[in-house]
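Here is the file upload-v8.pdb (PDB, C-alpha atoms).
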```pdb
ATOM      1  CA  MET A 257      57.573  73.414-280.077
ATOM      2  CA  ASP A 258      59.821  75.490-277.852
ATOM      3  CA  THR A 259      62.785  77.158-279.517
ATOM      4  CA  ILE A 260      65.567  79.330-278.133
ATOM      5  CA  ARG A 261      65.787  82.987-279.026
ATOM      6  CA  SER A 262      68.583  85.387-278.012
ATOM      7  CA  VAL A 263      67.241  88.402-276.122
ATOM      8  CA  VAL A 264      69.052  91.671-275.373
ATOM      9  CA  THR A 265      68.591  92.223-271.644
ATOM     10  CA  GLY A 266      71.130  94.966-270.955
ATOM     11  CA  THR A 267      73.189  97.690-272.614
ATOM     12  CA  GLY A 268      76.142  99.833-271.602
ATOM     13  CA  HIS A 269      78.737 102.130-273.131
ATOM     14  CA  TYR A 270      81.855 104.079-272.274
ATOM     15  CA  LEU A 271      83.545 107.063-273.913
ATOM     16  CA  PRO A 272      86.936 108.468-272.836
ATOM     17  CA  GLU A 273      86.886 111.790-270.984
ATOM     18  CA  ASN A 274      89.105 113.508-273.567
ATOM     19  CA  ILE A 275      86.746 115.228-276.032
ATOM     20  CA  VAL A 276      88.203 116.373-279.358
ATOM     21  CA  PRO A 277      86.041 119.009-281.107
ATOM     22  CA  ASN A 278      86.211 119.753-284.816
ATOM     23  CA  SER A 279      88.073 122.969-284.027
ATOM     24  CA  TYR A 280      91.078 120.851-282.963
ATOM     25  CA  PHE A 281      91.775 119.967-286.606
ATOM     26  CA  GLU A 282      91.527 123.589-287.762
ATOM     27  CA  GLU A 283      94.799 124.232-285.940
ATOM     28  CA  TYR A 284      96.975 122.113-288.225
ATOM     29  CA  ILE A 285      95.132 120.899-291.348
ATOM     30  CA  ASP A 286      93.061 122.654-294.008
ATOM     31  CA  THR A 287      89.545 122.034-292.723
ATOM     32  CA  SER A 288      86.860 123.676-290.617
ATOM     33  CA  ASP A 289      84.137 122.824-288.140
ATOM     34  CA  GLU A 290      81.537 123.874-290.725
ATOM     35  CA  TRP A 291      83.007 121.624-293.429
ATOM     36  CA  ILE A 292      83.305 118.568-291.165
ATOM     37  CA  THR A 293      79.789 118.999-289.800
ATOM     38  CA  ALA A 294      78.241 119.495-293.243
ATOM     39  CA  ARG A 295      80.024 116.530-294.821
ATOM     40  CA  THR A 296      79.858 114.038-291.941
ATOM     41  CA  GLY A 297      77.497 115.222-289.212
ATOM     42  CA  ILE A 298      80.296 114.826-286.659
ATOM     43  CA  LYS A 299      80.855 117.596-284.097
ATOM     44  CA  ARG A 300      83.260 115.890-281.692
ATOM     45  CA  ARG A 301      84.933 112.589-280.894
ATOM     46  CA  HIS A 302      86.733 111.055-277.900
ATOM     47  CA  TYR A 303      90.393 109.991-277.764
ATOM     48  CA  ALA A 304      91.623 107.518-275.183
ATOM     49  CA  PRO A 305      94.623 108.592-273.082
ATOM     50  CA  THR A 306      97.789 106.469-273.209
ATOM     51  CA  GLU A 307      96.862 104.401-270.169
ATOM     52  CA  GLU A 308      93.450 103.513-271.556
ATOM     53  CA  THR A 309      93.133 100.560-273.935
ATOM     54  CA  THR A 310      90.554  98.644-275.897
ATOM     55  CA  SER A 311      90.238  96.159-273.021
ATOM     56  CA  THR A 312      89.867  98.742-270.245
ATOM     57  CA  MET A 313      87.154 100.559-272.182
ATOM     58  CA  GLY A 314      85.446  97.240-272.958
ATOM     59  CA  ILE A 315      85.447  96.322-269.270
ATOM     60  CA  LYS A 316      83.761  99.610-268.342
ATOM     61  CA  ALA A 317      81.065  99.216-271.004
ATOM     62  CA  ALA A 318      80.521  95.565-270.020
ATOM     63  CA  ARG A 319      80.079  96.434-266.345
ATOM     64  CA  LYS A 320      77.382  98.954-267.249
ATOM     65  CA  ALA A 321      75.613  96.413-269.463
ATOM     66  CA  LEU A 322      75.724  93.802-266.705
ATOM     67  CA  LYS A 323      74.261  96.270-264.199
ATOM     68  CA  ASN A 324      71.560  97.264-266.671
ATOM     69  CA  SER A 325      70.627  93.615-267.237
ATOM     70  CA  GLY A 326      70.704  92.587-263.581
ATOM     71  CA  CYS A 327      73.264  89.874-264.353
ATOM     72  CA  LYS A 328      76.423  89.191-262.403
ATOM     73  CA  PRO A 329      79.777  88.580-264.121
ATOM     74  CA  GLU A 330      79.729  84.942-263.041
ATOM     75  CA  ASP A 331      76.474  84.446-264.982
ATOM     76  CA  ILE A 332      78.287  85.040-268.284
ATOM     77  CA  ASP A 333      79.633  82.014-270.176
ATOM     78  CA  LEU A 334      80.522  83.701-273.485
ATOM     79  CA  ILE A 335      82.286  86.947-274.391
ATOM     80  CA  ILE A 336      82.744  88.044-277.993
ATOM     81  CA  LEU A 337      84.687  91.231-278.555
ATOM     82  CA  ALA A 338      84.423  92.958-281.926
ATOM     83  CA  THR A 339      87.556  95.020-282.476
ATOM     84  CA  SER A 340      90.226  95.918-285.019
ATOM     85  CA  THR A 341      92.449  97.563-282.395
ATOM     86  CA  SER A 342      93.325  94.771-279.981
ATOM     87  CA  ASP A 343      95.592  95.343-276.986
ATOM     88  CA  HIS A 344      98.103  92.721-278.142
ATOM     89  CA  THR A 345      98.716  90.486-281.139
ATOM     90  CA  PHE A 346      97.758  87.746-278.684
ATOM     91  CA  PRO A 347      96.158  86.788-276.351
ATOM     92  CA  SER A 348      92.751  87.940-277.469
ATOM     93  CA  THR A 349      91.566  91.160-275.884
ATOM     94  CA  ALA A 350      88.301  89.396-275.023
ATOM     95  CA  THR A 351      90.184  87.193-272.548
ATOM     96  CA  GLN A 352      91.614  90.322-270.916
ATOM     97  CA  ILE A 353      88.098  91.696-270.542
ATOM     98  CA  GLN A 354      86.998  88.333-269.152
ATOM     99  CA  ASN A 355      89.794  88.496-266.585
ATOM    100  CA  GLY A 356      89.078  92.129-265.772
ATOM    101  CA  LEU A 357      85.485  91.229-264.966
ATOM    102  CA  GLY A 358      86.625  88.386-262.709
ATOM    103  CA  ILE A 359      85.103  85.689-264.921
ATOM    104  CA  THR A 360      86.844  82.291-264.915
ATOM    105  CA  ARG A 361      84.206  80.149-266.639
ATOM    106  CA  GLY A 362      83.058  79.868-270.220
ATOM    107  CA  TYR A 363      85.072  81.229-273.120
ATOM    108  CA  ALA A 364      86.019  84.493-274.795
ATOM    109  CA  PHE A 365      87.380  85.459-278.198
ATOM    110  CA  ASP A 366      87.900  88.411-280.532
ATOM    111  CA  LEU A 367      86.146  88.882-283.865
ATOM    112  CA  GLN A 368      87.506  91.224-286.541
ATOM    113  CA  ALA A 369      85.154  92.615-289.171
ATOM    114  CA  VAL A 370      86.083  96.292-288.674
ATOM    115  CA  CYS A 371      83.005  98.567-288.586
ATOM    116  CA  ALA A 372      80.694  95.606-289.223
ATOM    117  CA  GLY A 373      82.267  93.757-286.296
ATOM    118  CA  PHE A 374      79.405  94.158-283.830
ATOM    119  CA  VAL A 375      76.862  92.835-286.357
ATOM    120  CA  PHE A 376      79.067  89.798-286.988
ATOM    121  CA  ALA A 377      79.684  89.304-283.253
ATOM    122  CA  LEU A 378      75.985  89.492-282.398
ATOM    123  CA  ALA A 379      75.146  86.974-285.137
ATOM    124  CA  ASN A 380      77.799  84.571-283.839
ATOM    125  CA  ALA A 381      76.687  84.943-280.218
ATOM    126  CA  ASN A 382      73.104  84.341-281.318
ATOM    127  CA  ALA A 383      74.110  81.137-283.118
ATOM    128  CA  LEU A 384      76.081  79.868-280.108
ATOM    129  CA  ILE A 385      73.192  80.552-277.745
ATOM    130  CA  LYS A 386      70.654  78.888-280.050
ATOM    131  CA  SER A 387      72.909  75.846-280.406
ATOM    132  CA  GLY A 388      73.245  75.464-276.643
ATOM    133  CA  GLU A 389      76.959  76.321-276.510
ATOM    134  CA  ALA A 390      76.219  79.372-274.327
ATOM    135  CA  THR A 391      73.390  80.703-272.193
ATOM    136  CA  LYS A 392      74.343  84.300-271.391
ATOM    137  CA  ALA A 393      76.771  86.336-273.474
ATOM    138  CA  LEU A 394      78.496  89.682-273.432
ATOM    139  CA  VAL A 395      78.796  91.056-276.962
ATOM    140  CA  ILE A 396      81.149  94.018-276.969
ATOM    141  CA  GLY A 397      82.498  96.488-279.501
ATOM    142  CA  SER A 398      85.563  98.418-278.349
ATOM    143  CA  GLU A 399      88.031 100.457-280.400
ATOM    144  CA  THR A 400      91.022 102.780-279.989
ATOM    145  CA  PHE A 401      91.031 103.941-283.600
ATOM    146  CA  SER A 402      92.874 107.147-282.700
ATOM    147  CA  ARG A 403      96.041 105.035-282.594
ATOM    148  CA  ILE A 404      95.884 103.949-286.229
ATOM    149  CA  LEU A 405      95.016 107.337-287.723
ATOM    150  CA  ASP A 406      97.344 109.385-289.889
ATOM    151  CA  LYS A 407      96.762 112.725-288.168
ATOM    152  CA  ASN A 408      97.828 114.571-291.345
ATOM    153  CA  ASP A 409      95.326 112.795-293.594
ATOM    154  CA  ARG A 410      92.377 115.164-293.461
ATOM    155  CA  THR A 411      90.111 112.699-295.281
ATOM    156  CA  THR A 412      90.266 110.167-292.425
ATOM    157  CA  CYS A 413      91.583 111.732-289.209
ATOM    158  CA  ILE A 414      88.425 113.797-288.705
ATOM    159  CA  LEU A 415      86.113 110.798-288.851
ATOM    160  CA  PHE A 416      87.118 108.387-286.120
ATOM    161  CA  GLY A 417      87.102 108.241-282.341
ATOM    162  CA  ASP A 418      87.486 105.827-279.454
ATOM    163  CA  GLY A 419      84.869 104.146-277.299
ATOM    164  CA  ALA A 420      83.155 100.933-276.274
ATOM    165  CA  GLY A 421      79.633  99.547-276.145
ATOM    166  CA  ALA A 422      78.225  96.266-274.891
ATOM    167  CA  VAL A 423      75.041  94.248-274.718
ATOM    168  CA  VAL A 424      74.043  91.268-272.604
ATOM    169  CA  LEU A 425      72.426  88.556-274.686
ATOM    170  CA  GLU A 426      70.443  85.784-272.965
ATOM    171  CA  GLY A 427      68.761  82.668-274.282
ATOM    172  CA  ALA A 428      65.001  82.480-273.747
ATOM    173  CA  LYS A 429      62.372  79.970-274.829
ATOM    174  CA  THR A 430      59.772  81.099-277.325
ATOM    175  CA  THR A 431      56.506  79.462-278.338
ATOM    176  CA  ASN A 432      54.699  82.390-279.961
ATOM    177  CA  GLY A 433      55.649  81.878-283.585
ATOM    178  CA  GLY A 434      58.019  84.811-283.794
ATOM    179  CA  SER A 435      56.248  87.437-281.702
ATOM    180  CA  ASP A 436      58.519  87.095-278.679
ATOM    181  CA  ARG A 437      61.478  89.321-277.895
ATOM    182  CA  GLY A 438      64.922  88.579-279.290
ATOM    183  CA  ILE A 439      66.944  88.387-282.477
ATOM    184  CA  LEU A 440      64.627  87.605-285.378
ATOM    185  CA  ALA A 441      67.160  87.426-288.231
ATOM    186  CA  THR A 442      70.718  88.249-289.245
ATOM    187  CA  ASP A 443      72.394  88.705-292.624
ATOM    188  CA  LEU A 444      76.183  88.686-293.173
ATOM    189  CA  HIS A 445      78.398  89.277-296.228
ATOM    190  CA  SER A 446      82.006  89.918-297.218
ATOM    191  CA  ASP A 447      83.989  90.444-300.416
ATOM    192  CA  GLY A 448      87.782  90.737-300.202
ATOM    193  CA  SER A 449      88.108  92.143-303.711
ATOM    194  CA  PHE A 450      87.316  95.583-302.250
ATOM    195  CA  LYS A 451      90.229  95.571-299.806
ATOM    196  CA  ASP A 452      92.003  98.552-301.346
ATOM    197  CA  ILE A 453      89.204 101.057-300.726
ATOM    198  CA  LEU A 454      89.356 100.732-296.916
ATOM    199  CA  TYR A 455      92.310  99.186-295.113
ATOM    200  CA  VAL A 456      95.253  99.716-292.761
ATOM    201  CA  ASP A 457      98.666  99.786-294.438
ATOM    202  CA  GLY A 458     100.429  97.659-291.831
ATOM    203  CA  GLY A 459     100.353  94.313-290.099
ATOM    204  CA  VAL A 460     102.372  91.721-288.210
ATOM    205  CA  SER A 461     103.186  89.507-291.205
ATOM    206  CA  THR A 462     103.702  92.317-293.731
ATOM    207  CA  THR A 463     105.243  95.491-292.338
ATOM    208  CA  LYS A 464     105.648  94.439-288.682
ATOM    209  CA  THR A 465     103.912  97.700-287.766
ATOM    210  CA  SER A 466     100.370  98.661-286.855
ATOM    211  CA  GLY A 467     100.104 100.972-289.893
ATOM    212  CA  HIS A 468      97.593 103.723-290.624
ATOM    213  CA  LEU A 469      94.023 103.705-291.865
ATOM    214  CA  ARG A 470      93.573 104.442-295.593
ATOM    215  CA  MET A 471      90.256 105.043-297.313
ATOM    216  CA  LYS A 472      88.829 105.991-300.700
ATOM    217  CA  GLY A 473      85.848 107.879-299.354
ATOM    218  CA  LYS A 474      83.729 108.178-302.505
ATOM    219  CA  GLU A 475      84.072 104.467-303.265
ATOM    220  CA  VAL A 476      83.232 103.496-299.699
ATOM    221  CA  PHE A 477      80.161 105.724-299.746
ATOM    222  CA  ARG A 478      78.876 104.190-302.980
ATOM    223  CA  HIS A 479      79.317 100.615-301.794
ATOM    224  CA  ALA A 480      78.006 101.398-298.309
ATOM    225  CA  VAL A 481      74.625 102.653-299.479
ATOM    226  CA  SER A 482      73.927  99.884-302.012
ATOM    227  CA  LYS A 483      75.219  97.004-299.884
ATOM    228  CA  LEU A 484      73.540  98.150-296.680
ATOM    229  CA  VAL A 485      70.201  98.585-298.420
ATOM    230  CA  ASN A 486      70.435  95.135-300.016
ATOM    231  CA  SER A 487      71.398  93.432-296.759
ATOM    232  CA  THR A 488      68.670  95.213-294.822
ATOM    233  CA  GLU A 489      66.054  94.182-297.369
ATOM    234  CA  ARG A 490      67.286  90.591-297.062
ATOM    235  CA  VAL A 491      67.116  90.541-293.263
ATOM    236  CA  MET A 492      63.578  91.971-293.304
ATOM    237  CA  GLU A 493      62.571  89.325-295.836
ATOM    238  CA  LYS A 494      64.031  86.599-293.605
ATOM    239  CA  ALA A 495      61.967  87.879-290.678
ATOM    240  CA  ASN A 496      58.885  88.477-292.827
ATOM    241  CA  VAL A 497      58.543  92.143-291.839
ATOM    242  CA  THR A 498      58.408  95.407-293.769
ATOM    243  CA  SER A 499      60.177  98.699-293.154
ATOM    244  CA  ALA A 500      56.818 100.187-292.123
ATOM    245  CA  GLU A 501      56.844  97.860-289.110
ATOM    246  CA  VAL A 502      60.285  98.999-287.919
ATOM    247  CA  ASP A 503      60.094 101.122-284.762
ATOM    248  CA  TRP A 504      63.772 102.133-284.665
ATOM    249  CA  ALA A 505      66.745 101.945-287.003
ATOM    250  CA  VAL A 506      70.148 101.922-285.268
ATOM    251  CA  PRO A 507      72.699 102.105-288.093
ATOM    252  CA  HIS A 508      76.477 102.141-287.918
ATOM    253  CA  GLN A 509      77.488 105.704-287.097
ATOM    254  CA  ALA A 510      79.972 106.476-289.878
ATOM    255  CA  ASN A 511      78.598 109.441-291.791
ATOM    256  CA  VAL A 512      75.239 111.176-291.534
ATOM    257  CA  ARG A 513      74.912 111.239-295.338
ATOM    258  CA  ILE A 514      75.215 107.440-295.502
ATOM    259  CA  ILE A 515      72.605 107.142-292.751
ATOM    260  CA  GLN A 516      70.246 109.521-294.553
ATOM    261  CA  SER A 517      70.701 107.839-297.951
ATOM    262  CA  THR A 518      70.175 104.280-296.712
ATOM    263  CA  THR A 519      67.173 104.993-294.515
ATOM    264  CA  GLN A 520      65.565 107.079-297.259
ATOM    265  CA  LYS A 521      65.934 104.214-299.754
ATOM    266  CA  LEU A 522      64.483 101.836-297.145
ATOM    267  CA  LYS A 523      61.563 104.242-296.557
ATOM    268  CA  ILE A 524      62.331 104.597-292.846
ATOM    269  CA  PRO A 525      61.485 108.088-291.540
ATOM    270  CA  ILE A 526      64.465 109.941-290.082
ATOM    271  CA  GLU A 527      62.587 110.445-286.800
ATOM    272  CA  LYS A 528      62.798 106.672-286.315
ATOM    273  CA  VAL A 529      66.590 106.645-286.774
ATOM    274  CA  VAL A 530      68.979 106.761-283.818
ATOM    275  CA  VAL A 531      71.832 109.153-284.668
ATOM    276  CA  THR A 532      74.652 109.629-282.149
ATOM    277  CA  LEU A 533      77.750 110.156-284.324
ATOM    278  CA  GLN A 534      77.690 113.919-283.747
ATOM    279  CA  ASN A 535      78.969 113.232-280.219
ATOM    280  CA  HIS A 536      81.562 110.498-280.820
ATOM    281  CA  GLY A 537      82.321 110.165-284.528
ATOM    282  CA  ASN A 538      82.901 106.781-286.130
ATOM    283  CA  THR A 539      83.881 104.335-283.378
ATOM    284  CA  SER A 540      83.955 101.378-285.774
ATOM    285  CA  ALA A 541      82.735  98.161-284.106
ATOM    286  CA  ALA A 542      81.695 100.140-281.018
ATOM    287  CA  SER A 543      79.294 102.477-282.799
ATOM    288  CA  ILE A 544      76.159 100.307-282.858
ATOM    289  CA  PRO A 545      76.337  99.123-279.228
ATOM    290  CA  ILE A 546      77.103 102.699-278.114
ATOM    291  CA  SER A 547      74.020 103.904-279.999
ATOM    292  CA  LEU A 548      71.875 101.108-278.571
ATOM    293  CA  SER A 549      73.030 102.025-275.073
ATOM    294  CA  VAL A 550      72.502 105.770-275.536
ATOM    295  CA  ALA A 551      69.001 105.247-276.952
ATOM    296  CA  ASN A 552      68.143 102.806-274.164
ATOM    297  CA  GLU A 553      69.355 105.280-271.515
ATOM    298  CA  GLU A 554      67.203 107.975-273.105
ATOM    299  CA  GLY A 555      64.145 105.724-272.873
ATOM    300  CA  LYS A 556      63.588 105.525-276.614
ATOM    301  CA  PHE A 557      63.051 101.752-276.722
ATOM    302  CA  LYS A 558      60.019 100.037-275.230
ATOM    303  CA  LYS A 559      59.386  96.329-274.858
ATOM    304  CA  GLY A 560      58.254  94.829-278.140
ATOM    305  CA  ASP A 561      59.809  97.493-280.370
ATOM    306  CA  LEU A 562      61.222  96.223-283.653
ATOM    307  CA  ILE A 563      64.823  97.399-284.057
ATOM    308  CA  LEU A 564      66.819  97.254-287.275
ATOM    309  CA  SER A 565      70.580  97.694-287.545
ATOM    310  CA  HIS A 566      73.258  97.445-290.238
ATOM    311  CA  ALA A 567      76.940  98.202-290.768
ATOM    312  CA  ILE A 568      79.724  98.004-293.338
ATOM    313  CA  GLY A 569      83.471  98.006-292.808
ATOM    314  CA  GLY A 570      86.825  97.109-294.294
ATOM    315  CA  GLY A 571      87.053  93.806-296.073
ATOM    316  CA  LEU A 572      84.579  94.720-297.320
ATOM    317  CA  CYS A 573      82.376  93.159-294.643
ATOM    318  CA  TRP A 574      78.749  94.129-294.170
ATOM    319  CA  GLY A 575      75.539  92.876-292.637
ATOM    320  CA  SER A 576      72.375  93.573-290.708
ATOM    321  CA  PHE A 577      70.224  92.264-287.890
ATOM    322  CA  LEU A 578      66.644  92.618-286.762
ATOM    323  CA  LEU A 579      65.539  92.186-283.166
ATOM    324  CA  ARG A 580      62.495  92.683-281.001
ATOM    325  CA  TRP A 581      63.330  94.635-277.858
TER     326      TRP A 581
END
```

Give the structure from the file, written as C-alpha cells.
Amino acid sequence: MDTIRSVVTGTGHYLPENIVPNSYFEEYIDTSDEWITARTGIKRRHYAPTEETTSTMGIKAARKALKNSGCKPEDIDLIILATSTSDHTFPSTATQIQNGLGITRGYAFDLQAVCAGFVFALANANALIKSGEATKALVIGSETFSRILDKNDRTTCILFGDGAGAVVLEGAKTTNGGSDRGILATDLHSDGSFKDILYVDGGVSTTKTSGHLRMKGKEVFRHAVSKLVNSTERVMEKANVTSAEVDWAVPHQANVRIIQSTTQKLKIPIEKVVVTLQNHGNTSAASIPISLSVANEEGKFKKGDLILSHAIGGGLCWGSFLLRW
C-alpha cells in the first residue's frame, strides 16, 4: 500500500558578513584563541548587524533552499521556523518570513525548542505532511543569539553566533518497504526539571526583558552526551538500522568534544561526521540545517545516503532523526 514519506529536496543557508574570530575576545576577557579552539573546536562565528534580524536571515536561507530544490515560493503551503530569538513577541517570525517570500497561502508558525528546535520542527513538518495537512514545507532554523549573550561571561559569549539554515521538505509516495528516500524515523524528548542548567534569565511575563543566556557547562555536557546517545539509539531502533549503516552523521554543532564523545559511543567514525562549528560556532536551531546545506554544497551527500542527526537544547529538549537522502 502506498504511504507518504517526507523527502528533503533542497537546502540553503546564510551567515552574516561580520566574522568574529576568537582573537576578538582576547581584547577584553581572560581567554585565548588556543583555549577556545582546544575546548570547543570553534575558530570564528558570525554576528548579525543591527539591521539584520532572525526573519531576514531566514528569508535568505529559504530562498537558497527553494532554488536548490527547484520549487517556487508559491509551491510552499507550510513554514515552520525553529528559533529562540524571534523578531517580535508576536506575530510569529515565520509569518514574516512567509510574507518576505511573497507567500499568501498555507500557514506558518514558530517552534521553540532552543538548540533542538530544528529536530522538533522537522518532526512536526514530517507529521503534517504525512497526515495530508501540507504537501511542501520550508523548515527553517534562524537565530540571532548574539543579542542575548552576556559579552562579559567568558563561559558563554565565546560559543554562540548568528545564522540561518533551511530545507525544503516534500511529500512523496513510497511502496518499497522503507528503502525510498525521506524521513525514516524521529525521536523527541524534554524534561523541564533541568531548566536551571541552560536558560535565559529574562522573559515577557517575568522580567519584561529579553535577558541573557546562562549555562552550567559541565552539567550540560554530561546530559548532552548521555541523552543524545540514548535518543540516537532509539531512532535507529525505530528505523531498524545500525550505526554501521549510517553514511553521514550531522549533529548539532555546539562543541567538538560533545560531537566526538557521542559519535564515539555510537561507533560512528569521525570521517563520517559533518563538522562545521569551527566556522560559525553554535547557531542553536540553525546549526543542523546550516551543516546540511554546507555538506550538500560540498557534494558530500549522494542519493540514498543514510543521514543521522541529533541535538539537545534548553528545556532540556533533545531528539534525533534519521533520513535517507

Give as JSON, numbers by chain the set of residues within 9 Å of the point (67.4, 109.6, -279.1), where distances use the file's coordinates and only C-alpha atoms.
{"A": [529, 530, 531, 532, 547, 550, 551, 552, 553, 554, 555, 556]}

Let me know the residues the PyMOL selection byres ((chain A and resi 327) around 12) catches in the file above, as an mmCIF file with C-alpha atoms, keeping the file's coordinate frame.
```cif
data_model
loop_
_atom_site.group_PDB
_atom_site.id
_atom_site.type_symbol
_atom_site.label_atom_id
_atom_site.label_comp_id
_atom_site.auth_asym_id
_atom_site.auth_seq_id
_atom_site.Cartn_x
_atom_site.Cartn_y
_atom_site.Cartn_z
ATOM 1 C CA VAL A 264 69.052 91.671 -275.373
ATOM 2 C CA THR A 265 68.591 92.223 -271.644
ATOM 3 C CA GLY A 266 71.130 94.966 -270.955
ATOM 4 C CA THR A 267 73.189 97.690 -272.614
ATOM 5 C CA ALA A 318 80.521 95.565 -270.020
ATOM 6 C CA ARG A 319 80.079 96.434 -266.345
ATOM 7 C CA LYS A 320 77.382 98.954 -267.249
ATOM 8 C CA ALA A 321 75.613 96.413 -269.463
ATOM 9 C CA LEU A 322 75.724 93.802 -266.705
ATOM 10 C CA LYS A 323 74.261 96.270 -264.199
ATOM 11 C CA ASN A 324 71.560 97.264 -266.671
ATOM 12 C CA SER A 325 70.627 93.615 -267.237
ATOM 13 C CA GLY A 326 70.704 92.587 -263.581
ATOM 14 C CA LYS A 328 76.423 89.191 -262.403
ATOM 15 C CA PRO A 329 79.777 88.580 -264.121
ATOM 16 C CA GLU A 330 79.729 84.942 -263.041
ATOM 17 C CA ASP A 331 76.474 84.446 -264.982
ATOM 18 C CA ILE A 332 78.287 85.040 -268.284
ATOM 19 C CA ASP A 333 79.633 82.014 -270.176
ATOM 20 C CA LYS A 392 74.343 84.300 -271.391
ATOM 21 C CA ALA A 393 76.771 86.336 -273.474
ATOM 22 C CA LEU A 394 78.496 89.682 -273.432
ATOM 23 C CA VAL A 423 75.041 94.248 -274.718
ATOM 24 C CA VAL A 424 74.043 91.268 -272.604
ATOM 25 C CA LEU A 425 72.426 88.556 -274.686
ATOM 26 C CA GLU A 426 70.443 85.784 -272.965
#
```

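Distance check against Tyr270 in chain A using all atoms listed in the file: of A:Leu440, A:Ile563, A:Leu454, A:Ile546, the minimum falls on A:Ile546.
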
If the PyMOL selection byres ((chain A and resi 486-488) around 10) is run on the structure shown, which residues does it catch, given as an NGL selection string?
:A and (442-445 or 480-485 or 489-494 or 499 or 518-519 or 522 or 564-567 or 574-578)

Could you list, as a PyMOL selection string, every residue within 10 Å of Leu384 in chain A, counting only C-alpha atoms and ignoring same-chain residues fewer than 5 positions away?
chain A and resi 262+334+378-379+389-393+427

Store the residues picked out above, limited to C-alpha atoms, as a PDB file, keeping the file's coordinate frame.
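Output contents, as saved in result.pdb:
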```pdb
ATOM      1  CA  SER A 262      68.583  85.387-278.012  1.00  0.00           C
ATOM      2  CA  LEU A 334      80.522  83.701-273.485  1.00  0.00           C
ATOM      3  CA  LEU A 378      75.985  89.492-282.398  1.00  0.00           C
ATOM      4  CA  ALA A 379      75.146  86.974-285.137  1.00  0.00           C
ATOM      5  CA  GLU A 389      76.959  76.321-276.510  1.00  0.00           C
ATOM      6  CA  ALA A 390      76.219  79.372-274.327  1.00  0.00           C
ATOM      7  CA  THR A 391      73.390  80.703-272.193  1.00  0.00           C
ATOM      8  CA  LYS A 392      74.343  84.300-271.391  1.00  0.00           C
ATOM      9  CA  ALA A 393      76.771  86.336-273.474  1.00  0.00           C
ATOM     10  CA  GLY A 427      68.761  82.668-274.282  1.00  0.00           C
TER      11      GLY A 427
END
```

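For the pair CA of Ser449 in chain A and CA of Ala369 in chain A, the interatomic distance is 14.8 Å.
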
Under the rule that only C-alpha atoms are counted, which of A:Pro305, A:Gly448, A:Pro277, A:Gly268 is the nearest residue to Ser543 in chain A?
A:Gly268
